[in-house]
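Colleague: One file: work01.pdb (PDB, C-alpha atoms).
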ATOM      1  CA  MET E   1     267.820  28.373 274.921
ATOM      2  CA  THR E   2     265.956  30.912 272.764
ATOM      3  CA  ALA E   3     269.243  32.525 271.693
ATOM      4  CA  LEU E   4     270.625  29.112 270.740
ATOM      5  CA  ILE E   5     267.591  28.316 268.570
ATOM      6  CA  VAL E   6     267.788  31.706 266.845
ATOM      7  CA  ALA E   7     271.521  31.228 266.234
ATOM      8  CA  LEU E   8     270.975  27.781 264.729
ATOM      9  CA  VAL E   9     268.151  28.908 262.441
ATOM     10  CA  ALA E  10     269.920  32.118 261.366
ATOM     11  CA  GLY E  11     273.121  30.209 260.698
ATOM     12  CA  ALA E  12     271.316  27.776 258.415
ATOM     13  CA  VAL E  13     269.783  30.645 256.408
ATOM     14  CA  VAL E  14     273.157  32.387 256.077
ATOM     15  CA  GLY E  15     274.771  29.158 254.887
ATOM     16  CA  LEU E  16     272.051  28.549 252.315
ATOM     17  CA  ALA E  17     272.498  32.069 250.933
ATOM     18  CA  LEU E  18     276.270  31.810 250.639
ATOM     19  CA  GLY E  19     276.276  28.272 249.312
ATOM     20  CA  GLY E  20     273.465  28.819 246.830
ATOM     21  CA  LEU E  21     274.062  32.392 245.682
ATOM     22  CA  GLY E  22     277.721  33.065 246.464
ATOM     23  CA  GLY E  23     276.735  36.028 248.615
ATOM     24  CA  GLY E  24     274.133  37.547 250.879
ATOM     25  CA  GLY E  25     275.225  35.659 253.978
ATOM     26  CA  SER E  26     276.686  38.481 256.025
ATOM     27  CA  VAL E  27     273.902  40.942 255.235
ATOM     28  CA  LEU E  28     271.562  38.413 256.816
ATOM     29  CA  ALA E  29     273.941  37.446 259.640
ATOM     30  CA  VAL E  30     274.592  40.927 261.015
ATOM     31  CA  PRO E  31     270.917  41.889 261.561
ATOM     32  CA  ALA E  32     270.279  38.502 263.182
ATOM     33  CA  LEU E  33     273.186  39.078 265.559
ATOM     34  CA  ILE E  34     272.104  42.651 266.402
ATOM     35  CA  TYR E  35     268.372  42.275 266.983
ATOM     36  CA  PRO E  36     267.232  38.878 268.308
ATOM     37  CA  LEU E  37     270.697  37.994 269.660
ATOM     38  CA  GLY E  38     271.546  41.388 271.214
ATOM     39  CA  PHE E  39     275.026  42.036 269.770
ATOM     40  CA  THR E  40     276.246  45.623 269.390
ATOM     41  CA  PRO E  41     276.770  46.742 265.745
ATOM     42  CA  ALA E  42     280.564  46.602 266.206
ATOM     43  CA  ALA E  43     280.475  43.114 267.735
ATOM     44  CA  ALA E  44     277.928  41.898 265.156
ATOM     45  CA  THR E  45     280.015  42.999 262.177
ATOM     46  CA  THR E  46     283.135  41.388 263.650
ATOM     47  CA  ALA E  47     281.288  38.163 264.447
ATOM     48  CA  GLY E  48     279.714  38.302 260.994
ATOM     49  CA  LEU E  49     283.176  38.246 259.425
ATOM     50  CA  LEU E  50     284.140  35.184 261.456
ATOM     51  CA  ILE E  51     280.978  33.381 260.397
ATOM     52  CA  VAL E  52     281.327  34.357 256.753
ATOM     53  CA  ILE E  53     284.982  33.265 256.574
ATOM     54  CA  ALA E  54     284.166  29.771 257.833
ATOM     55  CA  THR E  55     281.090  29.476 255.632
ATOM     56  CA  SER E  56     282.720  30.883 252.487
ATOM     57  CA  LEU E  57     285.649  28.488 252.797
ATOM     58  CA  THR E  58     283.194  25.600 252.967
ATOM     59  CA  GLY E  59     281.330  26.799 249.889
ATOM     60  CA  LEU E  60     284.605  27.491 248.080
ATOM     61  CA  VAL E  61     285.739  23.891 248.520
ATOM     62  CA  ALA E  62     282.426  22.599 247.194
ATOM     63  CA  HIS E  63     282.522  24.832 244.110
ATOM     64  CA  ALA E  64     286.234  24.171 243.487
ATOM     65  CA  ARG E  65     285.613  20.428 243.392
ATOM     66  CA  GLU E  66     283.237  21.015 240.490
ATOM     67  CA  GLY E  67     285.605  23.371 238.668
ATOM     68  CA  GLY E  68     283.461  26.423 239.400
ATOM     69  CA  VAL E  69     286.246  28.736 240.612
ATOM     70  CA  ARG E  70     288.367  30.958 238.332
ATOM     71  CA  TRP E  71     291.450  31.206 240.540
ATOM     72  CA  ARG E  72     293.492  33.720 238.550
ATOM     73  CA  THR E  73     290.642  36.175 238.065
ATOM     74  CA  GLY E  74     289.409  35.760 241.634
ATOM     75  CA  GLY E  75     292.940  36.117 242.978
ATOM     76  CA  LEU E  76     293.488  39.463 241.220
ATOM     77  CA  PHE E  77     290.063  40.721 242.285
ATOM     78  CA  ALA E  78     290.666  39.667 245.900
ATOM     79  CA  ALA E  79     294.271  40.910 246.104
ATOM     80  CA  ALA E  80     293.194  44.400 245.055
ATOM     81  CA  GLY E  81     290.743  44.515 247.955
ATOM     82  CA  ILE E  82     293.093  43.440 250.759
ATOM     83  CA  VAL E  83     294.534  46.858 251.673
ATOM     84  CA  PRO E  84     291.218  48.769 251.299
ATOM     85  CA  ALA E  85     289.482  46.123 253.423
ATOM     86  CA  ALA E  86     292.122  46.382 256.143
ATOM     87  CA  VAL E  87     292.105  50.201 256.215
ATOM     88  CA  ALA E  88     288.301  50.447 256.182
ATOM     89  CA  GLY E  89     288.081  47.804 258.918
ATOM     90  CA  ALA E  90     290.363  49.861 261.164
ATOM     91  CA  LEU E  91     288.296  53.003 260.548
ATOM     92  CA  SER E  92     284.933  51.341 261.137
ATOM     93  CA  VAL E  93     285.514  50.789 264.854
ATOM     94  CA  ARG E  94     285.589  54.584 265.299
ATOM     95  CA  VAL E  95     282.194  55.119 263.652
ATOM     96  CA  PRO E  96     279.114  55.661 265.909
ATOM     97  CA  ALA E  97     276.849  52.617 266.189
ATOM     98  CA  GLY E  98     273.854  54.448 264.684
ATOM     99  CA  ALA E  99     275.812  55.498 261.598
ATOM    100  CA  LEU E 100     277.150  51.970 261.138
ATOM    101  CA  THR E 101     273.642  50.530 261.369
ATOM    102  CA  ALA E 102     272.270  53.079 258.890
ATOM    103  CA  GLY E 103     275.088  52.438 256.444
ATOM    104  CA  PHE E 104     274.538  48.714 256.697
ATOM    105  CA  ALA E 105     270.788  49.154 256.165
ATOM    106  CA  VAL E 106     271.334  51.168 252.986
ATOM    107  CA  LEU E 107     273.754  48.583 251.637
ATOM    108  CA  ALA E 108     271.343  45.771 252.515
ATOM    109  CA  ALA E 109     268.573  47.591 250.630
ATOM    110  CA  VAL E 110     270.817  47.907 247.566
ATOM    111  CA  ALA E 111     271.605  44.209 247.780
ATOM    112  CA  ALA E 112     267.905  43.351 248.073
ATOM    113  CA  VAL E 113     267.000  45.420 245.026
ATOM    114  CA  ARG E 114     269.755  43.709 243.036
ATOM    115  CA  MET E 115     268.412  40.309 244.052
ATOM    116  CA  LEU E 116     264.816  41.193 243.230
ATOM    117  CA  ARG E 117     265.492  42.937 239.927
ATOM    118  CA  PRO E 118     265.262  40.515 236.992
ATOM    119  CA  ARG E 119     268.283  40.246 234.747
ATOM    120  CA  THR E 120     267.999  41.926 231.357
ATOM    121  CA  GLY E 121     269.828  40.738 228.309
ATOM    122  CA  PRO E 122     271.847  37.571 227.860
ATOM    123  CA  GLY E 123     274.647  36.844 230.289
ATOM    124  CA  PRO E 124     278.059  35.550 229.342
ATOM    125  CA  GLU E 125     278.226  32.144 227.761
ATOM    126  CA  ALA E 126     278.936  29.232 230.048
ATOM    127  CA  GLY E 127     282.401  28.787 228.620
ATOM    128  CA  ALA E 128     283.308  32.463 228.747
ATOM    129  CA  ASP E 129     286.332  33.608 230.703
ATOM    130  CA  ALA E 130     287.579  36.942 231.970
ATOM    131  CA  GLY E 131     290.015  37.494 229.134
ATOM    132  CA  GLY E 132     288.087  40.489 227.799
ATOM    133  CA  ALA E 133     288.181  42.473 231.037
ATOM    134  CA  PRO E 134     291.228  44.736 231.526
ATOM    135  CA  ALA E 135     293.237  43.880 234.639
ATOM    136  CA  GLY E 136     293.011  47.511 235.805
ATOM    137  CA  ARG E 137     289.231  47.451 235.743
ATOM    138  CA  VAL E 138     289.160  44.172 237.661
ATOM    139  CA  ALA E 139     291.577  45.588 240.264
ATOM    140  CA  ARG E 140     289.628  48.835 240.707
ATOM    141  CA  THR E 141     286.379  46.982 241.210
ATOM    142  CA  GLY E 142     288.035  44.611 243.671
ATOM    143  CA  ALA E 143     289.494  47.517 245.658
ATOM    144  CA  GLY E 144     286.122  49.225 245.979
ATOM    145  CA  LEU E 145     284.383  46.098 247.179
ATOM    146  CA  GLY E 146     287.227  45.411 249.592
ATOM    147  CA  ALA E 147     286.594  48.770 251.237
ATOM    148  CA  VAL E 148     282.898  47.924 251.620
ATOM    149  CA  THR E 149     283.808  44.594 253.220
ATOM    150  CA  GLY E 150     286.138  46.202 255.739
ATOM    151  CA  PHE E 151     283.907  49.090 256.721
ATOM    152  CA  LEU E 152     280.574  47.345 257.120
ATOM    153  CA  GLY E 153     281.779  43.872 258.045
ATOM    154  CA  VAL E 154     280.147  42.136 255.100
ATOM    155  CA  GLY E 155     281.699  39.687 252.688
ATOM    156  CA  GLY E 156     280.278  41.674 249.785
ATOM    157  CA  GLY E 157     279.295  38.626 247.767
ATOM    158  CA  PHE E 158     275.975  40.172 246.728
ATOM    159  CA  LEU E 159     278.054  42.870 245.015
ATOM    160  CA  VAL E 160     280.948  40.633 243.933
ATOM    161  CA  VAL E 161     278.769  38.245 241.924
ATOM    162  CA  PRO E 162     277.157  40.986 239.761
ATOM    163  CA  ALA E 163     280.582  42.614 239.319
ATOM    164  CA  LEU E 164     282.167  39.365 238.171
ATOM    165  CA  VAL E 165     279.328  38.841 235.700
ATOM    166  CA  THR E 166     279.079  42.383 234.301
ATOM    167  CA  VAL E 167     282.602  43.786 234.679
ATOM    168  CA  VAL E 168     284.745  40.654 234.423
ATOM    169  CA  ALA E 169     282.366  38.785 232.086
ATOM    170  CA  LEU E 170     282.303  35.496 233.983
ATOM    171  CA  PRO E 171     279.327  33.168 233.538
ATOM    172  CA  MET E 172     276.985  33.068 236.527
ATOM    173  CA  THR E 173     278.059  29.593 237.636
ATOM    174  CA  ALA E 174     281.733  30.601 237.730
ATOM    175  CA  ALA E 175     280.941  33.977 239.322
ATOM    176  CA  VAL E 176     279.224  32.316 242.301
ATOM    177  CA  GLY E 177     282.191  30.035 243.015
ATOM    178  CA  THR E 178     284.816  32.715 242.364
ATOM    179  CA  SER E 179     282.999  35.191 244.603
ATOM    180  CA  LEU E 180     283.565  32.871 247.567
ATOM    181  CA  LEU E 181     287.328  33.187 247.049
ATOM    182  CA  VAL E 182     287.029  36.983 247.013
ATOM    183  CA  ILE E 183     284.755  37.005 250.076
ATOM    184  CA  THR E 184     287.155  34.833 252.064
ATOM    185  CA  VAL E 185     290.233  36.956 251.310
ATOM    186  CA  ASN E 186     288.498  40.299 251.914
ATOM    187  CA  SER E 187     286.869  39.093 255.121
ATOM    188  CA  VAL E 188     290.170  37.823 256.545
ATOM    189  CA  ALA E 189     291.851  41.173 255.765
ATOM    190  CA  ALA E 190     289.034  43.093 257.437
ATOM    191  CA  LEU E 191     288.965  40.789 260.453
ATOM    192  CA  VAL E 192     292.699  41.110 261.148
ATOM    193  CA  THR E 193     292.434  44.865 261.692
ATOM    194  CA  ARG E 194     289.226  44.556 263.730
ATOM    195  CA  LEU E 195     290.780  42.057 266.126
ATOM    196  CA  ALA E 196     293.436  44.647 266.993
ATOM    197  CA  THR E 197     290.641  46.534 268.804
ATOM    198  CA  PRO E 198     289.221  44.408 271.657
ATOM    199  CA  THR E 199     285.546  43.563 271.126
ATOM    200  CA  ALA E 200     283.490  41.349 273.450
ATOM    201  CA  LEU E 201     282.153  38.391 271.489
ATOM    202  CA  ASP E 202     279.644  35.811 272.730
ATOM    203  CA  TRP E 203     281.157  32.535 271.528
ATOM    204  CA  ALA E 204     278.228  30.563 272.942
ATOM    205  CA  VAL E 205     276.174  32.153 270.146
ATOM    206  CA  ILE E 206     278.838  32.452 267.437
ATOM    207  CA  ALA E 207     279.893  28.788 267.586
ATOM    208  CA  PRO E 208     276.459  27.211 266.861
ATOM    209  CA  PHE E 209     275.667  30.001 264.388
ATOM    210  CA  THR E 210     278.836  29.176 262.466
ATOM    211  CA  ALA E 211     278.289  25.419 262.658
ATOM    212  CA  THR E 212     274.832  25.534 261.074
ATOM    213  CA  ALA E 213     276.033  28.120 258.527
ATOM    214  CA  VAL E 214     278.771  25.722 257.397
ATOM    215  CA  LEU E 215     276.250  22.877 257.075
ATOM    216  CA  GLY E 216     273.873  25.219 255.269
ATOM    217  CA  ALA E 217     276.572  26.123 252.747
ATOM    218  CA  TRP E 218     276.791  22.495 251.615
ATOM    219  CA  ASP E 219     273.005  22.277 251.374
ATOM    220  CA  GLY E 220     272.880  25.610 249.557
ATOM    221  CA  ARG E 221     275.198  24.290 246.873
ATOM    222  CA  ARG E 222     272.910  21.278 246.352
ATOM    223  CA  LEU E 223     269.795  23.477 246.488
ATOM    224  CA  ALA E 224     271.220  25.734 243.777
ATOM    225  CA  ALA E 225     271.450  22.715 241.489
ATOM    226  CA  LYS E 226     267.740  21.965 241.932
ATOM    227  CA  VAL E 227     266.164  25.441 242.175
ATOM    228  CA  SER E 228     266.717  28.251 239.702
ATOM    229  CA  THR E 229     269.083  31.023 240.755
ATOM    230  CA  ALA E 230     266.353  33.582 239.982
ATOM    231  CA  ALA E 231     263.949  31.929 242.434
ATOM    232  CA  LEU E 232     266.575  31.810 245.176
ATOM    233  CA  GLN E 233     267.439  35.453 244.586
ATOM    234  CA  ARG E 234     263.808  36.524 244.907
ATOM    235  CA  ILE E 235     263.355  34.626 248.175
ATOM    236  CA  PHE E 236     266.466  36.031 249.824
ATOM    237  CA  GLY E 237     265.929  39.463 248.269
ATOM    238  CA  ALA E 238     262.454  39.833 249.753
ATOM    239  CA  ALA E 239     263.670  38.820 253.207
ATOM    240  CA  LEU E 240     266.658  41.129 252.984
ATOM    241  CA  LEU E 241     264.562  44.126 251.900
ATOM    242  CA  ALA E 242     262.316  43.715 254.939
ATOM    243  CA  VAL E 243     265.390  43.544 257.194
ATOM    244  CA  ALA E 244     266.909  46.634 255.566
ATOM    245  CA  VAL E 245     263.746  48.705 256.071
ATOM    246  CA  PHE E 246     263.544  47.656 259.729
ATOM    247  CA  MET E 247     267.198  48.506 260.362
ATOM    248  CA  LEU E 248     266.921  51.905 258.683
ATOM    249  CA  ILE E 249     263.856  52.817 260.742
ATOM    250  CA  ASP E 250     265.682  51.697 263.886
ATOM    251  CA  ALA E 251     268.783  53.723 262.996
ATOM    252  CA  VAL E 252     266.949  57.016 262.400
ATOM    253  CA  ALA E 253     264.388  56.614 265.194
TER     254      ALA E 253
END
Please go through the file and, once you have read it, give me the structure as structure tokens.
Modeller:
Amino acid sequence: MTALIVALVAGAVVGLALGGLGGGGSVLAVPALIYPLGFTPAAATTAGLLIVIATSLTGLVAHAREGGVRWRTGGLFAAAGIVPAAVAGALSVRVPAGALTAGFAVLAAVAAVRMLRPRTGPGPEAGADAGGAPAGRVARTGAGLGAVTGFLGVGGGFLVVPALVTVVALPMTAAVGTSLLVITVNSVAALVTRLATPTALDWAVIAPFTATAVLGAWDGRRLAAKVSTAALQRIFGAALLAVAVFMLIDAVA
């Protein structure tokens, strides 16, 4: 019963992060699966991909209905990450659990700092598009983030959104929606290679976790319309930084 409650609560938080911010879901999901729910790092990252795929698709539909997805830009970004995500996903199952946990903790800390750090300078205008970003630069950035997704079992949205804003010059509202397309494609590519290596998964935990994450994604989209993105980023960033510090201590202990 305790595991079920934790799964339901954690799923809701993951959904809110993905739906409201376009990222941050998997970096919260994996620690929740490892520590209170007892998954191994390998099983947690695989389960995290399953959860993120379902949740990202839900958020993607919601954003697409409001015209918040740049399909051509997101498609190029995502396509460039498919092969790196698949290759890195195959390699990750051969990495020791402690190293995988440490790597995830470092990445989570980076994500937390990005969320907590205030933006400087004006962002792209609301009507801006990605026309000024060379296709090669978009593809290179997408490939790098695809590798991160595959290796650490994260959707990478907390990195995709800043990249779409700074490198591709999308406005924040479009970057959040477009990131969900990228997350979905990269996560599916990473999951395909991971499923080739048998990993025991507790579906009694994953199913309710995913269900509340999907519901949370819808609520997160509505919450983002009422609460400033900066406020949401600070809330999730503070929580994520605490998780990252705990995981790093656990990995090196």
Colleague: May I have a table of the residues of stretch 26-98 of chain E lying at most 7 Å from stretch 5-17 of chain E, giving each one's closest pair of atoms and their distance in Å to one decimal, counting only C-alpha atoms, ordered by chain and ascending residue number, as a Markdown table?
Modeller:
| residue | atom | partner | partner_atom | distance |
| --- | --- | --- | --- | --- |
| E:Leu28 | CA | E:Val14 | CA | 6.3 |
| E:Ala29 | CA | E:Val14 | CA | 6.2 |
| E:Ala32 | CA | E:Ala10 | CA | 6.6 |
| E:Thr55 | CA | E:Gly15 | CA | 6.4 |
Colleague: For E:Val52, which residue out of E:Ala189, E:Val93, E:Ile183, E:Ala200 is the nearest one, using all atoms listed in the file?
Modeller: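 Closest residue, counting all atoms listed in the file: E:Ile183.
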Colleague: List as number ranges by chain: which residues have an atom within 9 Å of (269.1, 42.8, 245.4), counting all atoms listed in the file?
Modeller: E: 108-117, 158-159, 233-234, 236-238, 240-241
Colleague: In Å, how far is it from atom CA of E:Leu145 to atom CA of E:Gly67?
Modeller: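 Separation between atom CA of E:Leu145 and atom CA of E:Gly67: 24.3 Å.
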Colleague: By how many Å are atom CA of E:Ala230 and atom CA of E:Gly81 apart?
Modeller: 27.9 Å
Colleague: Distance atom CA of E:Leu49-atom CA of E:Ala190, one decimal place?
Modeller: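 Those two atoms sit 7.9 Å apart.
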